[in-house]
file final13.cif (mmCIF, C-alpha atoms)
data_upload
loop_
_atom_site.label_atom_id
_atom_site.label_comp_id
_atom_site.auth_asym_id
_atom_site.auth_seq_id
_atom_site.Cartn_x
_atom_site.Cartn_y
_atom_site.Cartn_z
CA LEU A 1 -4.53 2.36 -40.54
CA LEU A 2 -1.74 -0.10 -39.68
CA GLN A 3 -0.59 -0.08 -43.32
CA LEU A 4 -0.59 3.70 -43.30
CA LEU A 5 1.47 3.82 -40.11
CA PHE A 6 3.91 1.28 -41.56
CA ALA A 7 4.29 3.32 -44.74
CA TRP A 8 4.99 6.37 -42.58
CA ILE A 9 8.26 4.74 -41.40
CA PHE A 10 9.64 4.85 -44.96
CA PHE A 11 8.16 8.28 -45.56
CA ARG A 12 9.96 9.81 -42.58
CA SER A 13 13.25 7.85 -42.72
CA GLU A 14 16.33 9.41 -44.27
CA ASN A 15 17.25 6.19 -46.03
CA VAL A 16 16.24 2.52 -46.27
CA ASN A 17 18.80 1.50 -43.62
CA GLN A 18 17.22 3.88 -41.11
CA ALA A 19 13.74 2.58 -41.97
CA TRP A 20 14.96 -0.99 -41.50
CA LEU A 21 16.45 -0.07 -38.12
CA VAL A 22 13.11 1.41 -37.00
CA ILE A 23 11.27 -1.76 -38.09
CA GLN A 24 13.81 -3.93 -36.23
CA LYS A 25 13.37 -1.87 -33.05
CA LEU A 26 9.57 -2.02 -33.37
CA THR A 27 9.52 -5.79 -33.74
CA ALA A 28 12.12 -6.47 -31.03
CA PHE A 29 9.45 -5.89 -28.33
CA ASP A 30 12.20 -4.72 -25.99
CA THR A 31 9.86 -2.58 -23.90
CA SER A 32 10.11 -1.08 -20.43
CA LEU A 33 7.97 1.15 -18.24
CA ASN A 34 10.74 3.72 -17.95
CA ILE A 35 8.80 7.01 -18.07
CA ALA A 36 11.58 8.82 -19.94
CA GLN A 37 11.40 6.26 -22.75
CA LEU A 38 7.61 6.11 -22.76
CA THR A 39 7.49 9.85 -23.29
CA ALA A 40 10.37 9.87 -25.83
CA GLU A 41 12.36 11.90 -23.26
CA LYS A 42 9.92 14.81 -23.71
CA GLY A 43 8.24 14.47 -20.30
CA PRO A 44 4.77 13.36 -19.22
CA LEU A 45 3.22 16.76 -19.98
CA ASN A 46 4.02 16.32 -23.67
CA LEU A 47 2.48 12.86 -23.65
CA LEU A 48 -0.66 14.23 -21.99
CA LEU A 49 -0.86 17.12 -24.48
CA SER A 50 -0.50 14.65 -27.37
CA PHE A 51 -3.55 12.73 -26.13
CA VAL A 52 -5.45 16.01 -25.65
CA ALA A 53 -4.57 17.01 -29.25
CA ILE A 54 -5.80 13.62 -30.56
CA GLY A 55 -9.02 14.04 -28.55
CA LEU A 56 -9.59 17.56 -29.91
CA LEU A 57 -8.99 16.36 -33.46
CA ALA A 58 -11.53 13.57 -32.96
CA LEU A 59 -14.04 16.08 -31.55
CA SER A 60 -13.53 18.41 -34.52
CA TYR A 61 -15.13 15.74 -36.79
CA LYS A 62 -18.34 16.13 -34.77
CA LEU A 63 -18.66 19.82 -35.67
CA PRO A 64 -21.55 20.62 -38.07
CA LEU A 65 -20.59 21.73 -41.58
CA ASN A 66 -22.77 24.85 -41.39
CA LEU A 67 -21.39 25.97 -38.05
CA LYS A 68 -22.75 29.32 -36.88
CA ILE A 69 -21.13 31.05 -33.91
CA LYS A 70 -23.78 32.23 -31.44
CA TYR A 71 -21.45 34.45 -29.40
CA PRO A 72 -18.79 35.75 -31.83
CA VAL A 73 -17.11 38.05 -29.27
CA SER A 74 -16.66 35.25 -26.73
CA PHE A 75 -15.52 32.88 -29.47
CA ALA A 76 -12.94 35.38 -30.79
CA CYS A 77 -11.59 35.97 -27.25
CA LEU A 78 -11.38 32.24 -26.60
CA MET A 79 -9.50 31.67 -29.85
CA ILE A 80 -7.04 34.48 -29.09
CA PHE A 81 -6.23 32.88 -25.72
CA VAL A 82 -5.98 29.39 -27.20
CA ILE A 83 -3.51 30.62 -29.85
CA LEU A 84 -1.59 32.64 -27.27
CA LEU A 85 -1.29 29.80 -24.77
CA LEU A 86 -0.74 26.86 -27.12
CA GLY A 87 1.02 28.64 -30.00
CA LYS A 88 4.63 27.91 -30.74
CA ASN A 89 7.16 30.66 -31.32
CA GLY A 90 9.61 30.04 -34.16
CA SER A 91 9.45 27.52 -36.95
CA ASP A 92 9.97 23.81 -36.52
CA GLU A 93 10.57 21.51 -39.45
CA PHE A 94 7.34 21.10 -41.35
CA ILE A 95 6.08 17.55 -41.28
CA TYR A 96 6.02 17.28 -45.09
CA PHE A 97 9.48 18.81 -45.36
CA GLN A 98 10.84 15.79 -47.16
CA PHE A 99 8.61 16.27 -50.19
CA MET B 100 -20.72 59.37 -51.40
CA GLY B 101 -23.61 57.27 -50.10
CA GLN B 102 -21.52 54.08 -50.52
CA MET B 103 -18.60 55.63 -48.60
CA SER B 104 -20.85 56.48 -45.64
CA LEU B 105 -22.13 52.87 -45.76
CA TYR B 106 -18.53 51.60 -45.44
CA THR B 107 -17.88 54.05 -42.57
CA SER B 108 -21.09 53.00 -40.86
CA ASN B 109 -20.20 49.28 -41.28
CA PHE B 110 -16.73 49.83 -39.89
CA LYS B 111 -18.13 51.83 -36.98
CA SER B 112 -20.58 49.09 -36.13
CA PHE B 113 -17.80 46.44 -36.45
CA LEU B 114 -15.65 48.55 -34.14
CA ILE B 115 -18.35 49.03 -31.49
CA SER B 116 -20.00 45.65 -31.54
CA TYR B 117 -16.95 43.48 -32.18
CA LEU B 118 -13.41 44.86 -32.06
CA ILE B 119 -13.62 47.02 -28.90
CA PRO B 120 -15.39 44.32 -26.80
CA VAL B 121 -12.85 41.70 -27.95
CA LEU B 122 -9.92 43.99 -27.12
CA GLY B 123 -11.49 44.91 -23.77
CA VAL B 124 -12.02 41.29 -22.73
CA VAL B 125 -8.52 40.26 -23.92
CA ILE B 126 -6.87 43.13 -21.99
CA ILE B 127 -8.83 42.55 -18.74
CA ILE B 128 -8.69 38.74 -18.65
CA GLY B 129 -5.14 38.81 -20.07
CA SER B 130 -3.90 41.11 -17.28
CA ILE B 131 -5.42 38.93 -14.57
CA PHE B 132 -4.10 35.75 -16.18
CA ASN B 133 -0.65 37.31 -16.67
CA TYR B 134 -0.44 38.26 -12.98
CA LEU B 135 -1.54 34.83 -11.76
CA PHE B 136 0.69 32.99 -14.23
CA GLU B 137 3.77 34.99 -13.23
CA GLN B 138 3.15 34.69 -9.47
CA LYS B 139 1.98 31.08 -9.32
CA ILE B 140 3.63 29.29 -12.23
CA ILE B 141 6.80 31.21 -13.17
CA LEU B 142 7.82 32.25 -9.67
CA GLY B 143 6.26 29.12 -8.17
CA SER B 144 9.04 26.84 -9.35
CA SER B 145 12.59 27.22 -8.05
CA SER B 146 14.05 25.14 -10.90
CA ASN B 147 12.63 27.49 -13.52
CA GLY B 148 15.27 29.62 -15.28
CA ALA B 149 13.06 32.73 -15.07
CA TYR B 150 12.77 32.25 -11.30
CA LYS B 151 16.58 31.99 -11.05
CA VAL B 152 17.20 35.15 -13.08
CA ASN B 153 14.66 37.02 -10.95
CA ARG B 154 16.15 35.64 -7.72
CA ILE B 155 19.75 36.62 -8.48
CA ILE B 156 18.62 40.22 -9.06
CA LYS B 157 17.27 40.20 -5.48
CA ARG B 158 19.90 37.81 -4.08
CA PRO B 159 19.13 37.07 -0.38
CA ALA B 160 21.89 38.32 1.94
CA ASP B 161 22.58 34.97 3.64
CA GLU B 162 22.66 32.88 0.48
CA ILE B 163 25.47 30.68 -0.85
CA SER B 164 24.99 30.96 -4.62
CA ILE B 165 26.02 28.22 -7.05
CA ILE B 166 26.44 29.50 -10.61
CA GLY B 167 27.01 27.67 -13.89
CA SER B 168 25.48 25.70 -16.74
CA SER B 169 23.43 22.49 -16.64
CA ARG B 170 26.51 20.78 -15.16
CA ALA B 171 26.13 23.01 -12.11
CA GLU B 172 22.38 22.46 -12.11
CA GLY B 173 22.79 18.70 -11.96
CA ALA B 174 26.00 18.37 -9.94
CA PHE B 175 25.39 20.37 -6.75
CA VAL B 176 22.70 19.49 -4.20
CA PRO B 177 22.21 22.80 -2.37
CA SER B 178 20.57 21.38 0.76
CA ILE B 179 23.67 19.22 1.39
CA ILE B 180 25.94 22.29 1.18
CA SER B 181 23.78 24.54 3.38
CA PRO B 182 20.09 25.26 4.04
CA HIS B 183 20.85 28.70 2.60
CA ALA B 184 22.47 27.47 -0.62
CA PHE B 185 20.76 27.95 -3.96
CA ASN B 186 21.64 26.40 -7.32
CA TYR B 187 21.46 28.94 -10.18
CA GLY B 188 22.67 26.46 -12.83
CA LEU B 189 20.94 27.01 -16.16
CA SER B 190 20.73 24.40 -18.86
CA GLY B 191 22.26 25.58 -22.15
CA ALA B 192 23.63 28.79 -20.69
CA GLN B 193 27.32 29.58 -20.82
CA ASP B 194 29.79 32.10 -19.47
CA ASP B 195 28.12 35.32 -20.64
CA VAL B 196 25.16 34.27 -18.48
CA MET B 197 27.49 33.16 -15.67
CA LEU B 198 29.07 36.64 -15.74
CA PHE B 199 25.62 38.26 -15.57
CA PHE B 200 24.80 36.17 -12.49
CA LEU B 201 28.16 37.01 -10.93
CA LYS B 202 27.72 40.75 -11.58
CA GLU B 203 24.21 40.70 -10.09
CA ALA B 204 25.33 38.69 -7.06
CA LEU B 205 28.23 41.06 -6.38
CA LYS B 206 25.91 44.09 -6.51
CA HIS B 207 24.68 43.10 -3.05
CA LYS B 208 27.59 44.42 -1.00
CA ASN B 209 26.05 43.49 2.34
CA THR B 210 26.76 39.78 1.89
CA HIS B 211 29.99 37.91 2.65
CA LYS B 212 28.57 34.50 1.78
CA PRO B 213 30.52 32.66 -0.92
CA ILE B 214 29.66 32.27 -4.57
CA ILE B 215 30.50 28.89 -6.10
CA ILE B 216 31.16 28.93 -9.83
CA ASN B 217 31.10 25.62 -11.66
CA PHE B 218 33.60 26.11 -14.48
CA ASP B 219 32.99 24.10 -17.66
CA PRO B 220 36.08 22.58 -19.32
CA GLU B 221 34.95 24.07 -22.66
CA GLY B 222 36.41 27.38 -21.48
CA LEU B 223 34.82 30.80 -21.85
CA ASP B 224 32.07 31.00 -24.43
CA SER B 225 28.68 32.65 -25.00
CA SER B 226 25.26 31.05 -25.06
CA LEU B 227 22.01 32.34 -23.59
CA GLY B 228 20.24 28.99 -23.41
CA ASP B 229 16.45 29.16 -23.53
CA LEU B 230 14.98 32.64 -24.03
CA SER B 231 12.20 31.83 -21.53
CA TYR B 232 14.78 32.37 -18.74
CA TYR B 233 14.85 36.10 -19.43
CA LEU B 234 11.28 37.04 -20.41
CA TYR B 235 9.99 37.78 -16.90
CA ASN B 236 12.80 40.32 -16.34
CA ALA B 237 13.12 41.45 -19.96
CA SER B 238 12.47 45.07 -18.99
CA TYR B 239 15.45 45.07 -16.58
CA LYS B 240 18.34 46.79 -18.42
CA PRO B 241 21.17 44.31 -17.63
CA VAL B 242 18.91 41.44 -18.77
CA ARG B 243 18.11 43.32 -21.97
CA GLN B 244 21.82 43.89 -22.55
CA LEU B 245 22.57 40.22 -21.92
CA MET B 246 19.91 39.20 -24.46
CA GLY B 247 21.48 41.46 -27.10
CA ASN B 248 20.06 40.75 -30.57
CA ALA B 249 17.71 38.13 -29.15
CA TYR B 250 15.68 40.91 -27.48
CA GLU B 251 12.47 41.80 -29.31
CA PRO B 252 10.36 44.92 -28.60
CA TRP B 253 7.28 42.75 -27.92
CA PHE B 254 9.05 41.30 -24.87
CA ALA B 255 7.83 44.48 -23.15
CA ILE B 256 4.16 43.52 -23.65
CA PRO B 257 2.76 41.55 -20.68
CA LEU B 258 1.38 38.09 -21.46
CA PHE B 259 2.22 38.33 -25.19
CA LYS B 260 5.92 38.17 -24.34
CA TYR B 261 5.40 34.61 -23.11
CA PHE B 262 3.98 33.47 -26.47
CA GLY B 263 5.52 30.09 -27.23
CA SER B 264 6.91 29.67 -23.70
CA PHE B 265 3.79 28.78 -21.69
CA GLU B 266 4.46 25.08 -22.15
CA ILE B 267 8.02 25.23 -20.83
CA TYR B 268 6.99 27.21 -17.73
CA THR B 269 4.16 24.77 -17.03
CA LYS B 270 6.58 21.90 -17.48
CA TYR B 271 8.99 23.33 -14.89
CA TYR B 272 6.09 23.96 -12.51
CA LEU B 273 4.77 20.41 -12.83
CA ASN B 274 8.26 18.93 -12.46
CA ASN B 275 8.70 20.93 -9.31
CA LYS B 276 5.32 20.00 -7.84
CA LEU B 277 5.07 16.34 -8.91
CA GLN B 278 8.77 15.35 -8.80
CA LEU B 279 7.82 12.62 -11.26
CA THR B 280 10.82 12.47 -13.56
CA LYS B 281 13.14 14.88 -11.75
CA VAL B 282 13.95 15.77 -8.16
CA THR B 283 14.42 19.45 -7.48
CA ASP B 284 16.31 20.92 -4.55
CA ASN B 285 16.70 24.70 -4.16
CA GLY B 286 17.24 25.25 -7.87
CA GLY B 287 19.12 21.97 -8.40
CA ASN B 288 17.54 19.61 -10.92
CA PHE B 289 18.30 15.89 -10.78
CA GLU B 290 17.12 13.11 -13.10
CA LYS B 291 15.11 10.45 -11.34
CA ASN B 292 15.04 7.96 -14.18
CA ILE B 293 17.84 5.45 -14.34
CA LEU B 294 19.29 5.05 -17.82
CA THR B 295 19.25 1.58 -19.29
CA GLN B 296 22.76 0.12 -19.85
CA GLN B 297 22.17 0.26 -23.60
CA LYS B 298 21.23 3.94 -23.51
CA PHE B 299 24.17 4.76 -21.25
CA ALA B 300 26.57 2.94 -23.60
CA SER B 301 25.17 4.82 -26.62
CA LEU B 302 25.58 8.15 -24.80
CA VAL B 303 29.19 7.30 -23.91
CA ALA B 304 29.89 6.32 -27.53
CA GLU B 305 28.33 9.57 -28.75
CA ARG B 306 30.38 11.60 -26.28
CA LYS B 307 33.59 9.81 -27.29
CA SER B 308 33.08 10.80 -30.91
CA THR B 309 32.14 14.42 -30.13
CA GLN B 310 35.07 16.76 -30.56
CA THR B 311 35.43 19.34 -27.82
CA SER B 312 37.98 22.10 -27.57
CA PHE B 313 38.87 24.81 -25.09
CA LYS B 314 37.58 28.23 -26.12
CA ASN B 315 38.69 31.52 -24.69
CA ASN B 316 36.47 34.47 -25.50
CA THR B 317 38.81 37.36 -24.63
CA ASN B 318 35.96 39.84 -23.94
CA LEU B 319 34.48 37.49 -21.39
CA GLN B 320 37.92 36.87 -19.89
CA VAL B 321 38.55 40.62 -19.48
CA ASP B 322 35.13 41.04 -17.83
CA LEU B 323 35.70 38.10 -15.50
CA VAL B 324 39.18 39.25 -14.42
CA GLN B 325 37.87 42.78 -13.87
CA LEU B 326 35.04 41.48 -11.68
CA LEU B 327 37.39 39.31 -9.64
CA LYS B 328 39.82 42.21 -9.14
CA THR B 329 37.18 44.68 -8.00
CA ASN B 330 35.52 42.25 -5.61
CA LYS B 331 36.99 42.61 -2.13
CA THR B 332 34.22 41.23 0.06
CA THR B 333 32.63 38.08 -1.36
CA PRO B 334 34.60 34.82 -1.50
CA ILE B 335 34.40 33.29 -4.99
CA VAL B 336 35.18 29.59 -5.39
CA PHE B 337 35.81 28.01 -8.81
CA VAL B 338 34.95 24.31 -9.05
CA LEU B 339 35.29 21.75 -11.86
CA SER B 340 32.57 19.18 -11.24
CA PRO B 341 33.38 15.51 -12.01
CA ILE B 342 32.97 14.54 -15.67
CA HIS B 343 32.88 11.04 -17.19
CA SER B 344 36.21 10.01 -18.73
CA SER B 345 34.61 9.68 -22.20
CA TYR B 346 34.36 13.47 -22.28
CA TYR B 347 38.13 13.84 -22.68
CA VAL B 348 38.56 11.19 -25.41
CA SER B 349 38.04 13.69 -28.25
CA TYR B 350 39.11 16.79 -26.32
CA LYS B 351 41.37 18.69 -28.71
CA ASN B 352 43.52 21.21 -26.81
CA LYS B 353 43.96 20.24 -23.19
CA SER B 354 47.05 22.42 -23.09
CA GLY B 355 44.87 25.50 -23.72
CA MET B 356 42.77 24.63 -20.69
CA HIS B 357 45.84 24.06 -18.48
CA ALA B 358 47.38 27.34 -19.65
CA PHE B 359 44.15 29.21 -18.84
CA PHE B 360 44.00 27.88 -15.29
#

call {"tool": "encode", "arguments": {"input": "final13.cif", "output": "structure tokens"}}
result
Amino acid sequence: LLQLLFAWIFFRSENVNQAWLVIQKLTAFDTSLNIAQLTAEKGPLNLLLSFVAIGLLALSYKLPLNLKIKYPVSFACLMIFVILLLGKNGSDEFIYFQF
Amino acid sequence: MGQMSLYTSNFKSFLISYLIPVLGVVIIIGSIFNYLFEQKIILGSSSNGAYKVNRIIKRPADEISIIGSSRAEGAFVPSIISPHAFNYGLSGAQDDVMLFFLKEALKHKNTHKPIIINFDPEGLDSSLGDLSYYLYNASYKPVRQLMGNAYEPWFAIPLFKYFGSFEIYTKYYLNNKLQLTKVTDNGGNFEKNILTQQKFASLVAERKSTQTSFKNNTNLQVDLVQLLKTNKTTPIVFVLSPIHSSYYVSYKNKSGMHAFF
């Protein structure tokens, strides 16, 4: 996993210099408990939602392969609200954009 | 013929046992959720842009209103000015929005309380800022006109019009309630976190290399002058809030700004 995360630096960097800069910053261990920096200036809500998203992704692996919905109406309603509340309007840069 | 009636029968059963119940539940729960979300979350945070737009439409009679962009939002502490002062500063919004606020404020003829306008040195230009500011009042004609091409017909549908904006409203609400990263004061929004020296230096360097010039949108100027001429009752005060010296390093046409003033 560590190797994968390290490779991701080169994958997402615009050039080798930028990748090198990221590696330098990562290994400088110049850390602080400044909440703005900890949350990449996106706020604590975003940090919390990131952990929720990771948790949901982990839970999704526990779902059975032959999943049958017992209450399809309730499930459909729930999904509509989840999409409505957590959906994002507009298009952000796709994560694999650099391919 | 028999197959066609089978399709019709299948569709009918899908409609009755699935589609209608789903629509019914979505409409009922959606309406309740929409009402609670608007009353508690959107209107429950004074630093929220949607709250500010809604408030200016119903401007309280004894209010000192502060209007402008994010510079106004972060430069004026209303409670220091007066217990009846309110900061309408909106991040990312420019003079077309400022003019909308001014027009709405001046509609209330019964007030003689001043309006403070924080004038940005960039001059007169247009920018709506975040669309979430306008969604709650999207059915109000002047708001619709202000939005112009950004207005979509689905902004008239309750709940659905907030698609993609729930996060930002919740963020404002939490900021207002928790005061964790920002301190809010009657619409004013002030950063609590202290920048590290390194970050501050990098921001100054970035600002020094950013070219800025004075713009003068003549349509906005005509509107502004017209409003100022027709107003006989409400004192309007223009203020230039303090700006770090690095701002003027790459400022291109200072003479244009001086000539305008």

call {"tool": "resolve_selection", "arguments": {"input": "final13.cif", "expression": "the PyMOL selection byres ((chain B) within 6 of (chain A))", "output": "VMD selection string"}}
result
chain B and resid 121 262 to 263

call {"tool": "resolve_selection", "arguments": {"input": "final13.cif", "expression": "the PyMOL selection byres ((chain B and resi 306) around 10)", "output": "list of chain:residue names"}}
result
B:Ala300, B:Ser301, B:Leu302, B:Val303, B:Ala304, B:Glu305, B:Lys307, B:Ser308, B:Thr309, B:Gln310, B:Thr311, B:His343, B:Ser344, B:Ser345, B:Tyr346, B:Tyr347, B:Val348, B:Ser349

call {"tool": "write_last_selection", "arguments": {"input": "final13.cif", "atoms": "C-alpha atoms", "output": "CSV table (one decimal), in the coordinates of the input"}}
result
chain,number,residue,atom,x,y,z
B,300,ALA,CA,26.6,2.9,-23.6
B,301,SER,CA,25.2,4.8,-26.6
B,302,LEU,CA,25.6,8.2,-24.8
B,303,VAL,CA,29.2,7.3,-23.9
B,304,ALA,CA,29.9,6.3,-27.5
B,305,GLU,CA,28.3,9.6,-28.8
B,307,LYS,CA,33.6,9.8,-27.3
B,308,SER,CA,33.1,10.8,-30.9
B,309,THR,CA,32.1,14.4,-30.1
B,310,GLN,CA,35.1,16.8,-30.6
B,311,THR,CA,35.4,19.3,-27.8
B,343,HIS,CA,32.9,11.0,-17.2
B,344,SER,CA,36.2,10.0,-18.7
B,345,SER,CA,34.6,9.7,-22.2
B,346,TYR,CA,34.4,13.5,-22.3
B,347,TYR,CA,38.1,13.8,-22.7
B,348,VAL,CA,38.6,11.2,-25.4
B,349,SER,CA,38.0,13.7,-28.2

call {"tool": "residues_near_point", "arguments": {"input": "final13.cif", "point": "(12.1, 16.4, -12.7)", "cutoff": "10 Å", "atoms": "all atoms listed in the file", "output": "list in words"}}
result
Gly43 of chain A; Ser146, Lys270, Tyr271, Tyr272, Leu273, Asn274, Asn275, Lys276, Leu277, Gln278, Leu279, Thr280, Lys281, Val282, Thr283, Gly287, Asn288, Phe289, Glu290, Lys291 and Asn292 of chain B

call {"tool": "write_last_selection", "arguments": {"input": "final13.cif", "atoms": "C-alpha atoms", "output": "mmCIF file, keeping the file's coordinate frame"}}
result
data_model
loop_
_atom_site.group_PDB
_atom_site.id
_atom_site.type_symbol
_atom_site.label_atom_id
_atom_site.label_comp_id
_atom_site.auth_asym_id
_atom_site.auth_seq_id
_atom_site.Cartn_x
_atom_site.Cartn_y
_atom_site.Cartn_z
ATOM 1 C CA GLY A 43 8.240 14.470 -20.300
ATOM 2 C CA SER B 146 14.050 25.140 -10.900
ATOM 3 C CA LYS B 270 6.580 21.900 -17.480
ATOM 4 C CA TYR B 271 8.990 23.330 -14.890
ATOM 5 C CA TYR B 272 6.090 23.960 -12.510
ATOM 6 C CA LEU B 273 4.770 20.410 -12.830
ATOM 7 C CA ASN B 274 8.260 18.930 -12.460
ATOM 8 C CA ASN B 275 8.700 20.930 -9.310
ATOM 9 C CA LYS B 276 5.320 20.000 -7.840
ATOM 10 C CA LEU B 277 5.070 16.340 -8.910
ATOM 11 C CA GLN B 278 8.770 15.350 -8.800
ATOM 12 C CA LEU B 279 7.820 12.620 -11.260
ATOM 13 C CA THR B 280 10.820 12.470 -13.560
ATOM 14 C CA LYS B 281 13.140 14.880 -11.750
ATOM 15 C CA VAL B 282 13.950 15.770 -8.160
ATOM 16 C CA THR B 283 14.420 19.450 -7.480
ATOM 17 C CA GLY B 287 19.120 21.970 -8.400
ATOM 18 C CA ASN B 288 17.540 19.610 -10.920
ATOM 19 C CA PHE B 289 18.300 15.890 -10.780
ATOM 20 C CA GLU B 290 17.120 13.110 -13.100
ATOM 21 C CA LYS B 291 15.110 10.450 -11.340
ATOM 22 C CA ASN B 292 15.040 7.960 -14.180
#

call {"tool": "resolve_selection", "arguments": {"input": "final13.cif", "expression": "the PyMOL selection byres ((chain B and resi 207-222) around 8)", "output": "number ranges by chain"}}
result
B: 158, 160-168, 170-171, 203-206, 223-224, 311-315, 332-340, 356

call {"tool": "closest_residue", "arguments": {"input": "final13.cif", "among": "B:Leu114, B:Leu234, B:Ile180, B:Ile126", "to": "Lys260 in chain B", "atoms": "only C-alpha atoms"}}
result
B:Leu234

call {"tool": "atom_distance", "arguments": {"input": "final13.cif", "atom1": "CA of Ala19 in chain A", "atom2": "CA of Thr31 in chain A"}}
result
19.2 Å

call {"tool": "axis_aligned_box", "arguments": {"input": "final13.cif", "around": "range 69-87 of chain A", "padding_each_side": "4 Å", "output": "AutoDock Vina command-line options"}}
result
--center_x -11.4 --center_y 32.5 --center_z -29.3 --size_x 32.8 --size_y 19.2 --size_z 17.1

call {"tool": "closest_residue", "arguments": {"input": "final13.cif", "among": "B:Asp284, B:Phe359, B:Tyr268, B:Thr317", "to": "Ser181 in chain B", "atoms": "all atoms listed in the file"}}
result
B:Asp284

call {"tool": "atom_distance", "arguments": {"input": "final13.cif", "atom1": "CA of Ala255 in chain B", "atom2": "CA of Pro241 in chain B"}}
result
14.4 Å

call {"tool": "atom_distance", "arguments": {"input": "final13.cif", "atom1": "CA of Leu38 in chain A", "atom2": "CA of Ser50 in chain A"}}
result
12.6 Å

call {"tool": "residues_around", "arguments": {"input": "final13.cif", "residues": "Gly191 in chain B", "least_positions_apart": "4", "cutoff": "8 Å", "atoms": "all atoms listed in the file", "output": "number ranges by chain"}}
result
B: 168-169, 226-229

call {"tool": "closest_residue", "arguments": {"input": "final13.cif", "among": "B:Ser112, B:Ile131, B:Gln244, B:Lys202", "to": "Leu258 in chain B", "atoms": "only C-alpha atoms"}}
result
B:Ile131
